[in-house]
Amino acid sequence: MSAPYPTHRRIKDMLATERPQERLEALGVESLSDRELLAMILRSGTPGVDVVSMCGEMLHEAGSLRNLLRWSAEDFRKIRGIGRVKALQLIATMHFAKRILADEETQETIYDSAAMVARHFRPLVAGAEVESFWILCLDRKNRLIKRVEITKGTATSCLAHPREVFRPAIKVNATAIIAVHNHPSGDPAPSRADIQITRQLRESAKVICIELTDHVIIGERQRDPQGLGFYSFNDAGLV
């Protein structure tokens with residue numbers, strides 16, 4: 001795919017009003033475009049490719065900033081001007097962003113809605129290419145005791161057995177759990193397998209006397225016909 005921006009200019013050849021650093025100082029960070037923000041991180045291009053054009057091509061290939069979260073170092077290195085060091089720098093930056101978002105949640109958060117669960121997990125699954133299955137172990141007030149990843153699957157499936165799901169909840173004396181998994185496709189609508197495992201967990205919960213509060217599937221808002229970006233079996237009356 002051809003680059004949408006010219007690649008012959010050098011930063012020093014740009015007008016001062018076009019340079020990201022000068023625009024940042026004069027107008028504030030909100031004035032910078034996505035490619036200019038990336039340019040501020042990378043700082044420099046290579047001979048024949050200025051950094052702003054390089055970042056423009058990167059975004060053109062990815063389609064959005066969010067999609068860059070899915071990229072590997074090899075993906076970044078396909079962009080003209082990005083070598084090993086810049087690729088690793090970008091990988092670290094993307095992971096740093098996800099850690100900041102994930103760190104916003106605290107142990108005192110009360111998980112009393114599917115929307116709260118979705119807010120917790122969205123930064124954790126951003127850019128994920130395979131399904132993973134977690135449980136949130138909760139106390140009597142729906143406060144988080146422990147989050148446990150039960151399984152990590154393929155790009156199209158993730159299996160979880162009730163035995164593995166409830167074992168960590170029993171160990172921490174949880175009174176309830178919320179099951180959570182992601183759909184890499186972005187569409188959170190439940191599959192036949194999702195419905196089946198939810199039924200199994202619901203029946204097992206009755207025997208073990210640990211409440212299954214919900215099973216939440218995390219997707220993306222733009223790919224969800226309902227516009228929520230998640231599916232709740234509890235909200236649907238299925239747990």
# chains A, B, ... in the order shown; residues from 1 in each chain; ligands from 1
>>> residues_around(residues="segment 89-91 of chain A", least_positions_apart="3", cutoff="8 Å", atoms="only C-alpha atoms", output="PyMOL selection string")
chain A and resi 42+71-73+76+85-86+94-95
>>> write_last_selection(atoms="N, CA and C atoms", output="PDB file, in the first residue's frame")
ATOM      1  N   LEU A  42       8.797   9.264  18.490  1.00  0.00           N
ATOM      2  CA  LEU A  42       9.937   8.743  17.729  1.00  0.00           C
ATOM      3  C   LEU A  42      11.048   9.774  17.551  1.00  0.00           C
ATOM      4  N   TRP A  71      -0.097  -4.503  16.668  1.00  0.00           N
ATOM      5  CA  TRP A  71       1.095  -4.706  15.849  1.00  0.00           C
ATOM      6  C   TRP A  71       2.235  -5.331  16.639  1.00  0.00           C
ATOM      7  N   SER A  72       2.998  -6.152  15.950  1.00  0.00           N
ATOM      8  CA  SER A  72       4.230  -6.718  16.492  1.00  0.00           C
ATOM      9  C   SER A  72       5.399  -5.858  16.033  1.00  0.00           C
ATOM     10  N   ALA A  73       6.582  -6.151  16.556  1.00  0.00           N
ATOM     11  CA  ALA A  73       7.782  -5.425  16.114  1.00  0.00           C
ATOM     12  C   ALA A  73       8.001  -5.611  14.626  1.00  0.00           C
ATOM     13  N   PHE A  76       5.817  -3.189  12.649  1.00  0.00           N
ATOM     14  CA  PHE A  76       6.352  -1.831  12.636  1.00  0.00           C
ATOM     15  C   PHE A  76       7.538  -1.707  11.679  1.00  0.00           C
ATOM     16  N   VAL A  85      15.376  -0.638  16.590  1.00  0.00           N
ATOM     17  CA  VAL A  85      15.270   0.182  17.795  1.00  0.00           C
ATOM     18  C   VAL A  85      13.937   0.926  17.845  1.00  0.00           C
ATOM     19  N   LYS A  86      13.546   1.547  16.737  1.00  0.00           N
ATOM     20  CA  LYS A  86      12.273   2.274  16.720  1.00  0.00           C
ATOM     21  C   LYS A  86      11.089   1.327  16.884  1.00  0.00           C
ATOM     22  N   MET A  94       3.238   1.253  23.239  1.00  0.00           N
ATOM     23  CA  MET A  94       1.880   0.708  23.190  1.00  0.00           C
ATOM     24  C   MET A  94       1.559  -0.081  24.463  1.00  0.00           C
ATOM     25  N   HIS A  95       2.525  -0.862  24.940  1.00  0.00           N
ATOM     26  CA  HIS A  95       2.279  -1.645  26.152  1.00  0.00           C
ATOM     27  C   HIS A  95       2.185  -0.733  27.372  1.00  0.00           C
TER      28      HIS A  95
END
>>> closest_atom_pairs(of="segment 197-230 of chain A", to="segment 178-193 of chain A", cutoff="7 Å", atoms="only C-alpha atoms", output="CSV")
residue,atom,partner,partner_atom,distance
A:Ile197,CA,A:Ala193,CA,6.2
A:Leu212,CA,A:Ile178,CA,6.0
A:Thr213,CA,A:Ile178,CA,5.4
A:Asp214,CA,A:Ile178,CA,5.0
A:His215,CA,A:Ala179,CA,4.5
A:Val216,CA,A:Val180,CA,4.8
A:Ile217,CA,A:His181,CA,5.1
A:Ile218,CA,A:Asn182,CA,4.5
A:Gly219,CA,A:Gly186,CA,4.2
A:Glu220,CA,A:Gly186,CA,4.6
A:Arg223,CA,A:Asp187,CA,5.3
A:Asp224,CA,A:Asp187,CA,5.2
A:Gly229,CA,A:Pro188,CA,6.6
A:Phe230,CA,A:Pro188,CA,5.4
>>> atom_distance(atom1="atom CA of Tyr111 of chain A", atom2="atom CA of Leu144 of chain A")
7.3 Å
>>> atom_distance(atom1="atom CA of Thr93 of chain A", atom2="atom CA of Glu22 of chain A")
22.3 Å
>>> residues_around(residues="Ala169 of chain A", least_positions_apart="5", cutoff="12 Å", atoms="only C-alpha atoms", output="number ranges by chain")
A: 134-139, 144-150, 162-164, 174-179, 205, 208-212
>>> write_last_selection(atoms="N, CA and C atoms", output="JSON list (two decimals), in the first residue's frame")
[["chain", "number", "residue", "atom", "x", "y", "z"],
["A", 134, "TRP", "N", -11.26, -15.28, 31.90],
["A", 134, "TRP", "CA", -10.91, -14.91, 33.26],
["A", 134, "TRP", "C", -12.10, -15.12, 34.19],
["A", 135, "ILE", "N", -11.80, -15.08, 35.48],
["A", 135, "ILE", "CA", -12.86, -14.91, 36.47],
["A", 135, "ILE", "C", -12.45, -13.79, 37.42],
["A", 136, "LEU", "N", -13.44, -13.05, 37.88],
["A", 136, "LEU", "CA", -13.26, -12.10, 38.97],
["A", 136, "LEU", "C", -13.82, -12.75, 40.22],
["A", 137, "CYS", "N", -12.96, -12.98, 41.20],
["A", 137, "CYS", "CA", -13.40, -13.55, 42.47],
["A", 137, "CYS", "C", -13.84, -12.40, 43.39],
["A", 138, "LEU", "N", -15.08, -12.46, 43.86],
["A", 138, "LEU", "CA", -15.66, -11.34, 44.60],
["A", 138, "LEU", "C", -16.04, -11.73, 46.02],
["A", 139, "ASP", "N", -16.06, -10.72, 46.91],
["A", 139, "ASP", "CA", -16.54, -10.96, 48.26],
["A", 139, "ASP", "C", -18.04, -10.68, 48.33],
["A", 144, "LEU", "N", -13.55, -6.83, 44.47],
["A", 144, "LEU", "CA", -12.60, -7.76, 43.87],
["A", 144, "LEU", "C", -11.65, -8.32, 44.91],
["A", 145, "ILE", "N", -11.58, -9.65, 44.97],
["A", 145, "ILE", "CA", -10.58, -10.33, 45.78],
["A", 145, "ILE", "C", -9.37, -10.67, 44.91],
["A", 146, "LYS", "N", -9.67, -11.25, 43.73],
["A", 146, "LYS", "CA", -8.58, -11.66, 42.85],
["A", 146, "LYS", "C", -9.10, -11.83, 41.43],
["A", 147, "ARG", "N", -8.29, -11.43, 40.46],
["A", 147, "ARG", "CA", -8.60, -11.69, 39.05],
["A", 147, "ARG", "C", -7.69, -12.82, 38.58],
["A", 148, "VAL", "N", -8.28, -13.82, 37.94],
["A", 148, "VAL", "CA", -7.51, -15.00, 37.53],
["A", 148, "VAL", "C", -7.77, -15.29, 36.05],
["A", 149, "GLU", "N", -6.70, -15.42, 35.29],
["A", 149, "GLU", "CA", -6.84, -15.87, 33.90],
["A", 149, "GLU", "C", -6.88, -17.40, 33.91],
["A", 150, "ILE", "N", -7.97, -17.97, 33.43],
["A", 150, "ILE", "CA", -8.17, -19.41, 33.47],
["A", 150, "ILE", "C", -7.54, -20.09, 32.25],
["A", 162, "PRO", "N", -15.60, -25.97, 34.13],
["A", 162, "PRO", "CA", -16.04, -25.48, 35.45],
["A", 162, "PRO", "C", -15.06, -25.79, 36.58],
["A", 163, "ARG", "N", -14.38, -26.93, 36.51],
["A", 163, "ARG", "CA", -13.42, -27.29, 37.55],
["A", 163, "ARG", "C", -12.32, -26.24, 37.67],
["A", 164, "GLU", "N", -11.75, -25.83, 36.51],
["A", 164, "GLU", "CA", -10.69, -24.82, 36.52],
["A", 164, "GLU", "C", -11.24, -23.44, 36.88],
["A", 174, "ALA", "N", -14.06, -16.90, 47.86],
["A", 174, "ALA", "CA", -14.97, -15.98, 47.18],
["A", 174, "ALA", "C", -16.41, -16.43, 47.38],
["A", 175, "THR", "N", -17.31, -15.48, 47.46],
["A", 175, "THR", "CA", -18.73, -15.82, 47.56],
["A", 175, "THR", "C", -19.42, -15.72, 46.20],
["A", 176, "ALA", "N", -18.74, -15.10, 45.24],
["A", 176, "ALA", "CA", -19.32, -14.96, 43.90],
["A", 176, "ALA", "C", -18.20, -14.80, 42.88],
["A", 177, "ILE", "N", -18.51, -15.12, 41.63],
["A", 177, "ILE", "CA", -17.56, -14.89, 40.55],
["A", 177, "ILE", "C", -18.28, -14.24, 39.37],
["A", 178, "ILE", "N", -17.52, -13.54, 38.57],
["A", 178, "ILE", "CA", -17.97, -13.08, 37.26],
["A", 178, "ILE", "C", -17.03, -13.68, 36.24],
["A", 179, "ALA", "N", -17.57, -14.43, 35.28],
["A", 179, "ALA", "CA", -16.77, -14.98, 34.20],
["A", 179, "ALA", "C", -16.65, -13.93, 33.09],
["A", 205, "ALA", "N", -22.28, -23.70, 39.78],
["A", 205, "ALA", "CA", -22.34, -22.70, 40.84],
["A", 205, "ALA", "C", -23.37, -23.08, 41.89],
["A", 208, "ILE", "N", -21.73, -25.81, 44.11],
["A", 208, "ILE", "CA", -20.61, -25.34, 44.92],
["A", 208, "ILE", "C", -21.03, -24.24, 45.89],
["A", 209, "CYS", "N", -22.16, -23.61, 45.63],
["A", 209, "CYS", "CA", -22.67, -22.50, 46.45],
["A", 209, "CYS", "C", -21.79, -21.26, 46.34],
["A", 210, "ILE", "N", -21.23, -21.06, 45.17],
["A", 210, "ILE", "CA", -20.56, -19.81, 44.83],
["A", 210, "ILE", "C", -21.36, -19.20, 43.69],
["A", 211, "GLU", "N", -21.89, -18.02, 43.89],
["A", 211, "GLU", "CA", -22.80, -17.43, 42.91],
["A", 211, "GLU", "C", -22.07, -17.05, 41.61],
["A", 212, "LEU", "N", -22.66, -17.41, 40.49],
["A", 212, "LEU", "CA", -22.21, -16.91, 39.19],
["A", 212, "LEU", "C", -23.01, -15.64, 38.93]]
>>> select_by_dssp(residues="chain A", states="strand (DSSP E or B)", output="PyMOL selection string")
chain A and resi 46+49+110+132-138+143-152+176-182+211-218+230-232
>>> atom_distance(atom1="atom CA of Phe96 of chain A", atom2="atom CA of Leu124 of chain A")
11.6 Å
>>> select_by_dssp(residues="chain A", states="alpha helix (DSSP H)", output="ChimeraX atom specification")
/A:20-27,34-42,51-62,65-68,73-77,84-102,114-125,162-171,192-208
>>> closest_residue(among="A:Arg140, A:Arg221, A:Arg35, A:Arg77", to="Pro20 of chain A", atoms="only C-alpha atoms")
A:Arg35
